[in-house]
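Undergrad: Please find upload-v2.cif (mmCIF, C-alpha atoms) on the next line:
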```
data_start
loop_
_atom_site.label_atom_id
_atom_site.label_comp_id
_atom_site.auth_asym_id
_atom_site.auth_seq_id
_atom_site.Cartn_x
_atom_site.Cartn_y
_atom_site.Cartn_z
CA MET M 26 73.98 72.82 114.21
CA THR M 27 77.08 70.73 113.47
CA LEU M 28 79.42 70.61 110.54
CA ASN M 29 80.67 67.35 109.08
CA HIS M 30 84.40 67.95 109.50
CA SER M 31 85.42 65.26 107.02
CA HIS M 32 83.27 67.06 104.46
CA SER M 33 84.73 70.41 105.49
CA SER M 34 88.46 69.53 105.34
CA ASN M 35 88.77 71.09 101.88
CA LEU M 36 86.64 74.11 102.79
CA ALA M 37 88.15 77.35 104.09
CA VAL M 38 84.84 79.13 104.78
CA VAL M 39 81.36 77.70 105.33
CA ALA M 40 78.23 79.70 106.17
CA LYS M 41 74.90 78.12 107.11
CA ASP M 42 71.87 80.41 107.56
CA LEU M 43 74.26 83.18 108.66
CA THR M 44 72.27 86.27 109.65
CA ARG M 45 73.17 89.60 111.19
CA CYS M 46 70.63 92.25 112.16
CA PHE M 47 71.18 95.80 113.41
CA GLY M 48 67.89 96.67 115.10
CA ASN M 49 65.19 96.20 112.46
CA PHE M 50 67.72 96.17 109.60
CA THR M 51 68.93 92.78 108.33
CA ALA M 52 72.43 93.33 106.91
CA VAL M 53 73.15 89.65 106.15
CA ASP M 54 70.11 87.45 105.49
CA ASN M 55 70.45 83.64 105.82
CA LEU M 56 73.77 83.47 103.96
CA GLN M 57 74.69 80.03 102.56
CA LEU M 58 78.25 79.73 101.28
CA GLU M 59 81.14 77.30 100.84
CA VAL M 60 84.61 78.47 99.77
CA SER M 61 87.27 75.86 98.98
CA ARG M 62 90.86 76.03 100.16
CA GLY M 63 93.17 77.67 97.62
CA GLU M 64 90.39 79.63 95.90
CA ILE M 65 90.49 83.30 95.01
CA PHE M 66 86.88 84.01 95.88
CA GLY M 67 85.28 87.29 94.81
CA PHE M 68 82.60 88.62 97.15
CA LEU M 69 80.71 91.24 95.14
CA GLY M 70 77.81 93.58 95.81
CA ALA M 71 76.85 97.24 95.88
CA ASN M 72 77.46 99.39 98.95
CA GLY M 73 75.19 98.25 101.78
CA ALA M 74 74.72 94.76 100.30
CA GLY M 75 76.17 93.14 103.45
CA LYS M 76 79.66 92.17 102.25
CA THR M 77 81.68 93.91 104.95
CA THR M 78 79.28 92.75 107.67
CA ALA M 79 79.71 89.15 106.50
CA ILE M 80 83.51 89.49 106.40
CA ARG M 81 83.55 90.97 109.90
CA MET M 82 81.62 87.91 111.12
CA PHE M 83 84.00 85.53 109.33
CA CYS M 84 86.96 87.33 110.93
CA GLY M 85 85.50 86.97 114.43
CA LEU M 86 84.94 90.71 114.80
CA LEU M 87 81.13 90.56 114.87
CA LYS M 88 78.78 87.95 116.33
CA PRO M 89 75.98 86.60 114.13
CA THR M 90 72.39 87.22 115.16
CA SER M 91 71.60 83.65 114.08
CA GLY M 92 73.06 80.85 112.00
CA GLU M 93 76.71 79.79 112.04
CA ALA M 94 79.89 79.93 109.99
CA TRP M 95 83.13 77.98 110.13
CA VAL M 96 86.48 79.50 109.19
CA ASP M 97 89.38 77.07 108.76
CA GLY M 98 87.11 74.49 110.42
CA LEU M 99 86.45 76.63 113.52
CA PRO M 100 82.95 77.91 114.45
CA ILE M 101 82.82 81.71 114.59
CA SER M 102 80.38 81.63 117.53
CA ARG M 103 82.87 79.87 119.83
CA ASP M 104 86.38 80.23 118.43
CA SER M 105 86.63 83.85 117.27
CA GLU M 106 89.97 84.40 119.06
CA LYS M 107 91.57 81.32 117.47
CA ILE M 108 90.21 82.40 114.06
CA LYS M 109 91.78 85.86 114.41
CA ARG M 110 95.22 84.24 114.86
CA ARG M 111 94.81 82.03 111.76
CA ILE M 112 93.64 84.63 109.26
CA GLY M 113 94.95 87.80 107.68
CA TYR M 114 92.55 90.73 107.36
CA MET M 115 93.03 93.86 105.30
CA SER M 116 90.19 96.30 105.91
CA GLN M 117 88.86 98.74 103.34
CA ARG M 118 89.91 101.64 105.59
CA PHE M 119 93.67 102.04 105.75
CA SER M 120 94.46 100.65 109.20
CA LEU M 121 98.19 101.33 109.54
CA TYR M 122 99.85 104.06 111.58
CA ASP M 123 100.82 107.03 109.39
CA ASP M 124 103.30 108.40 111.94
CA LEU M 125 105.43 105.22 111.98
CA LEU M 126 108.10 104.13 109.52
CA ILE M 127 106.79 101.31 107.31
CA GLU M 128 109.25 98.91 108.99
CA GLU M 129 107.83 99.94 112.40
CA ASN M 130 104.28 99.21 111.24
CA ALA M 131 105.34 95.72 110.17
CA ASN M 132 107.14 95.22 113.51
CA PHE M 133 104.02 96.25 115.39
CA PHE M 134 101.75 93.84 113.48
CA GLY M 135 104.26 91.01 113.88
CA GLY M 136 104.11 91.58 117.64
CA VAL M 137 100.30 91.60 117.59
CA TYR M 138 100.39 88.18 115.90
CA GLY M 139 102.74 86.87 118.62
CA LEU M 140 105.85 86.43 116.46
CA SER M 141 109.32 86.48 118.03
CA LYS M 142 111.75 89.30 117.22
CA LYS M 143 113.75 86.94 114.98
CA GLU M 144 110.59 85.75 113.17
CA ILE M 145 109.51 89.35 112.62
CA GLU M 146 112.91 90.26 111.12
CA LEU M 147 112.75 87.29 108.74
CA ARG M 148 109.16 87.95 107.71
CA ILE M 149 109.77 91.66 107.12
CA ALA M 150 112.74 90.84 104.88
CA GLU M 151 110.70 88.19 103.04
CA GLN M 152 107.50 90.24 102.60
CA PHE M 153 109.20 93.54 101.78
CA GLU M 154 111.35 91.86 99.12
CA ARG M 155 108.30 90.13 97.63
CA LEU M 156 106.16 93.28 97.65
CA GLY M 157 108.84 95.69 96.46
CA LEU M 158 109.03 97.61 99.75
CA THR M 159 112.67 97.01 100.78
CA LYS M 160 113.94 100.39 99.54
CA GLN M 161 111.14 102.21 101.38
CA LYS M 162 111.40 100.43 104.74
CA ARG M 163 112.75 103.55 106.51
CA THR M 164 110.09 105.76 104.89
CA LEU M 165 107.35 107.36 106.99
CA THR M 166 104.11 105.57 106.18
CA SER M 167 102.27 108.88 105.58
CA GLU M 168 104.70 109.65 102.73
CA LEU M 169 103.92 106.48 100.75
CA PRO M 170 101.75 106.64 97.60
CA LEU M 171 98.41 104.86 98.09
CA GLY M 172 99.45 101.86 95.99
CA PHE M 173 102.46 101.29 98.24
CA LYS M 174 100.32 101.77 101.37
CA GLN M 175 98.10 98.94 100.07
CA ARG M 176 101.20 96.76 99.61
CA LEU M 177 102.28 97.55 103.16
CA ALA M 178 98.81 96.67 104.49
CA LEU M 179 99.05 93.33 102.65
CA ALA M 180 102.54 92.71 104.08
CA CYS M 181 101.23 93.35 107.61
CA ALA M 182 98.22 91.06 107.07
CA MET M 183 100.59 88.32 105.82
CA MET M 184 103.24 88.61 108.56
CA HIS M 185 102.13 85.37 110.29
CA ARG M 186 101.67 83.45 107.00
CA PRO M 187 97.91 82.97 107.36
CA ARG M 188 96.19 80.19 105.44
CA LEU M 189 93.20 82.42 104.80
CA LEU M 190 93.34 86.06 103.75
CA PHE M 191 90.35 88.43 103.81
CA LEU M 192 90.83 91.51 101.64
CA ASP M 193 88.04 94.09 101.90
CA GLU M 194 88.26 96.35 98.82
CA PRO M 195 92.07 96.17 98.74
CA THR M 196 92.43 98.19 95.52
CA GLY M 197 89.98 101.00 96.26
CA GLY M 198 91.30 104.34 95.04
CA VAL M 199 94.52 103.12 93.41
CA ASP M 200 95.34 103.59 89.72
CA PRO M 201 94.80 100.76 87.17
CA ILE M 202 98.50 99.83 87.00
CA ALA M 203 98.73 99.53 90.80
CA ARG M 204 95.52 97.48 90.79
CA ARG M 205 96.94 95.05 88.22
CA GLU M 206 100.18 94.73 90.25
CA PHE M 207 98.17 94.10 93.41
CA TRP M 208 96.26 91.31 91.67
CA ASP M 209 99.58 89.75 90.62
CA LEU M 210 100.42 89.66 94.34
CA ILE M 211 97.03 88.08 95.12
CA TYR M 212 97.75 85.33 92.55
CA GLU M 213 101.18 84.72 94.11
CA THR M 214 99.59 84.46 97.55
CA ALA M 215 97.09 81.86 96.31
CA GLU M 216 99.84 79.93 94.51
CA ASP M 217 101.66 79.73 97.86
CA GLY M 218 98.63 77.85 99.22
CA ALA M 219 96.53 80.57 100.85
CA THR M 220 92.80 81.03 100.29
CA VAL M 221 92.01 84.62 99.29
CA PHE M 222 88.54 86.02 100.01
CA VAL M 223 88.27 89.43 98.35
CA THR M 224 85.59 92.10 98.00
CA THR M 225 85.82 94.59 95.18
CA HIS M 226 83.71 97.25 93.47
CA TYR M 227 85.73 96.88 90.27
CA MET M 228 83.91 94.46 88.02
CA ASP M 229 86.93 93.87 85.78
CA GLU M 230 88.66 92.43 88.87
CA ALA M 231 85.86 89.89 89.27
CA GLU M 232 87.19 88.22 86.11
CA TYR M 233 90.42 87.39 87.97
CA CYS M 234 88.62 85.29 90.62
CA SER M 235 88.20 81.48 90.61
CA ARG M 236 84.54 81.99 91.63
CA VAL M 237 82.41 84.94 92.61
CA SER M 238 79.21 85.61 94.49
CA ILE M 239 77.02 88.68 94.03
CA MET M 240 75.09 90.00 97.04
CA LYS M 241 72.01 92.16 97.04
CA ASP M 242 70.11 93.22 100.18
CA GLY M 243 72.00 90.74 102.37
CA LYS M 244 71.38 87.72 100.11
CA ILE M 245 73.51 86.00 97.47
CA VAL M 246 71.75 86.35 94.11
CA ALA M 247 74.46 84.68 91.96
CA LEU M 248 77.33 82.28 92.68
CA GLY M 249 79.76 80.58 90.31
CA VAL M 250 82.69 80.83 87.89
CA PRO M 251 82.64 84.24 86.13
CA ALA M 252 82.52 82.75 82.60
CA GLU M 253 79.65 80.42 83.53
CA LEU M 254 77.66 83.21 85.21
CA LYS M 255 78.03 85.46 82.14
CA ARG M 256 76.89 82.62 79.87
CA LYS M 257 73.96 81.73 82.12
CA HIS M 258 72.69 85.33 82.24
CA GLY M 259 73.54 86.19 78.63
CA THR M 260 75.96 89.01 79.38
CA GLN M 261 79.35 89.87 77.84
CA THR M 262 81.06 91.28 80.91
CA MET M 263 80.87 90.99 84.69
CA GLU M 264 79.88 94.67 84.71
CA ASP M 265 76.81 93.86 82.58
CA LEU M 266 76.00 90.87 84.77
CA PHE M 267 76.28 92.98 87.92
CA LEU M 268 74.01 95.69 86.51
CA LYS M 269 71.47 93.10 85.40
CA LEU M 270 71.29 91.44 88.82
CA VAL M 271 71.83 94.38 91.16
CA GLY M 272 70.66 97.33 89.06
CA VAL M 273 73.37 99.78 90.11
CA SER M 274 74.84 102.04 87.45
CA GLY M 275 78.57 102.43 86.98
CA GLU M 276 81.22 102.97 84.36
CA SER M 277 82.88 99.87 82.94
CA GLY M 278 86.00 99.07 84.94
CA GLU M 279 85.24 101.83 87.42
CA SER M 280 84.12 101.58 91.03
CA VAL M 281 80.44 100.69 91.34
CA GLU M 282 79.15 102.66 94.32
#
```
Let me see the file written as structure tokens.

TA:
Amino acid sequence: MTLNHSHSSNLAVVAKDLTRCFGNFTAVDNLQLEVSRGEIFGFLGANGAGKTTAIRMFCGLLKPTSGEAWVDGLPISRDSEKIKRRIGYMSQRFSLYDDLLIEENANFFGGVYGLSKKEIELRIAEQFERLGLTKQKRTLTSELPLGFKQRLALACAMMHRPRLLFLDEPTGGVDPIARREFWDLIYETAEDGATVFVTTHYMDEAEYCSRVSIMKDGKIVALGVPAELKRKHGTQTMEDLFLKLVGVSGESGESVE
């Protein structure tokens, strides 16, 4: 299977028949997807729908069972190591070291991405200023409130200025004000030219995305601009749309588990 690269130059992520099985269980089932550069793309679905499995394949962390995907023009089956250097990934489980100062965490991630000492210093100053972390840089990571830990995780994922950022439930567990602030940062990141691919359980956050997809049982059951999807399905909110298509109960604006 080949991708027409002239067609793909404006696409950050492409999936063709992407499938991942774990034994007899199909987690991602013939996924078809195109995400344009500069989009804030919302990747929605209930727990177990296949979102994290798909993201792990896009990030080069998991091989597909069949099908193919291209990230920043590179095939995941052959160029997973190159892809890892080009993207930023913030996992849904807090992946920083609690026993390090927040500045030390950023130093460590800068080294992982192959930045020089001078580059790391510049990026830490730049990211910490932007994310409101400068005053806390000598704070032990374990002592940070969750909202600030999420900011630190974003700073670490952005240390090498990736063109494509994967955020897997970045606002899980933080209060509504911190969530709104985090989305302001996501908008800034996109305005700087990055593509942001984000999963969330908060349906109010889906309204902030350029486009969204909704997954159920490993398949995409809806894809489009939030306003158009609501109109098409005759719903007032993304929460109502989600419940109609996926059938999972949840409080409006709360995490849909």

Undergrad: Could you tell me how far CA of Glu206 in chain M sits from CA of Leu248 in chain M, in Å to one decimal place?

TA: 26.1 Å

Undergrad: Care to translate the PyMOL selection byres ((chain M and resi 142-150) around 8) into actual residues of this file, as a VMD selection string?

TA: chain M and resid 128 131 to 132 135 to 136 140 to 141 151 to 154 159 180 184 to 185

Undergrad: Kindly provide the residues of range 217-265 of chain M that approach range 38-56 of chain M to within 8 Å, each paired with its closest atom pair and their distance in Å to one decimal, based on all atoms listed in the file, listed by chain and increasing number, as a tab-separated table.

TA:
```
residue	atom	partner	partner_atom	distance
M:Asp242	CA	M:Ala52	CA	7.1
M:Gly243	CA	M:Val53	CA	4.1
M:Lys244	CA	M:Asp54	CA	5.5
M:Ile245	CA	M:Leu56	CA	7.0
```

Undergrad: Run through the PyMOL selection byres ((chain M and resi 235) around 7) on the given coordinates and return the selected residues as an mmCIF file with C-alpha atoms, in the frame of the given file.

TA:
```
data_model
loop_
_atom_site.group_PDB
_atom_site.id
_atom_site.type_symbol
_atom_site.label_atom_id
_atom_site.label_comp_id
_atom_site.auth_asym_id
_atom_site.auth_seq_id
_atom_site.Cartn_x
_atom_site.Cartn_y
_atom_site.Cartn_z
ATOM 1 C CA GLU M 64 90.390 79.630 95.900
ATOM 2 C CA ILE M 65 90.490 83.300 95.010
ATOM 3 C CA PHE M 66 86.880 84.010 95.880
ATOM 4 C CA TYR M 233 90.420 87.390 87.970
ATOM 5 C CA CYS M 234 88.620 85.290 90.620
ATOM 6 C CA ARG M 236 84.540 81.990 91.630
ATOM 7 C CA VAL M 250 82.690 80.830 87.890
#
```

Undergrad: Under the rule of at most 12 Å, produce a per-residue listing of range 43-70 of chain M near range 188-205 of chain M: chain, number, name, the closest pair of atoms, and the distance in Å, as a tab-separated table, using only C-alpha atoms.

TA:
```
residue	atom	partner	partner_atom	distance
M:Val60	CA	M:Leu189	CA	10.7
M:Ser61	CA	M:Leu189	CA	10.6
M:Arg62	CA	M:Leu189	CA	8.2
M:Gly63	CA	M:Leu189	CA	8.6
M:Glu64	CA	M:Leu189	CA	9.7
M:Ile65	CA	M:Leu190	CA	9.6
M:Phe66	CA	M:Phe191	CA	9.7
M:Gly67	CA	M:Leu192	CA	9.8
M:Phe68	CA	M:Asp193	CA	9.1
M:Leu69	CA	M:Glu194	CA	9.8
M:Gly70	CA	M:Glu194	CA	11.2
```

Undergrad: Separation of CA of Val96 in chain M and CA of Arg186 in chain M, in Å?

TA: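 Separation between CA of Val96 in chain M and CA of Arg186 in chain M: 15.8 Å.
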
Undergrad: List as an MDAnalysis selection string the protein and nucleic acid residues near Leu99 in chain M, meaning an atom at most 10 Å away when all atoms listed in the file are counted, but skip any in the same chain fewer than 2 places from it.

TA: chainID M and resid 28 30 37:39 94:97 101:105 107:108

Undergrad: Could you check how far CA of Met228 in chain M sits from CA of Cys181 in chain M, in Å to one decimal?

TA: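 CA of Cys181 in chain M lies 26.2 Å from CA of Met228 in chain M.
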
Undergrad: Give as a ChimeraX atom specification the residues that the PyMOL selection byres ((chain M and resi 78) around 8) matches when applied to the coordinates above.

TA: /M:45,52-53,75-77,79-82,87

Undergrad: For Phe134 in chain M, which of M:Ser167, M:Pro100, M:Met183, M:Glu93 is the closest residue, counting only C-alpha atoms?

TA: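 Of M:Ser167, M:Pro100, M:Met183, M:Glu93, the one nearest Phe134 in chain M, counting only C-alpha atoms, is M:Met183.
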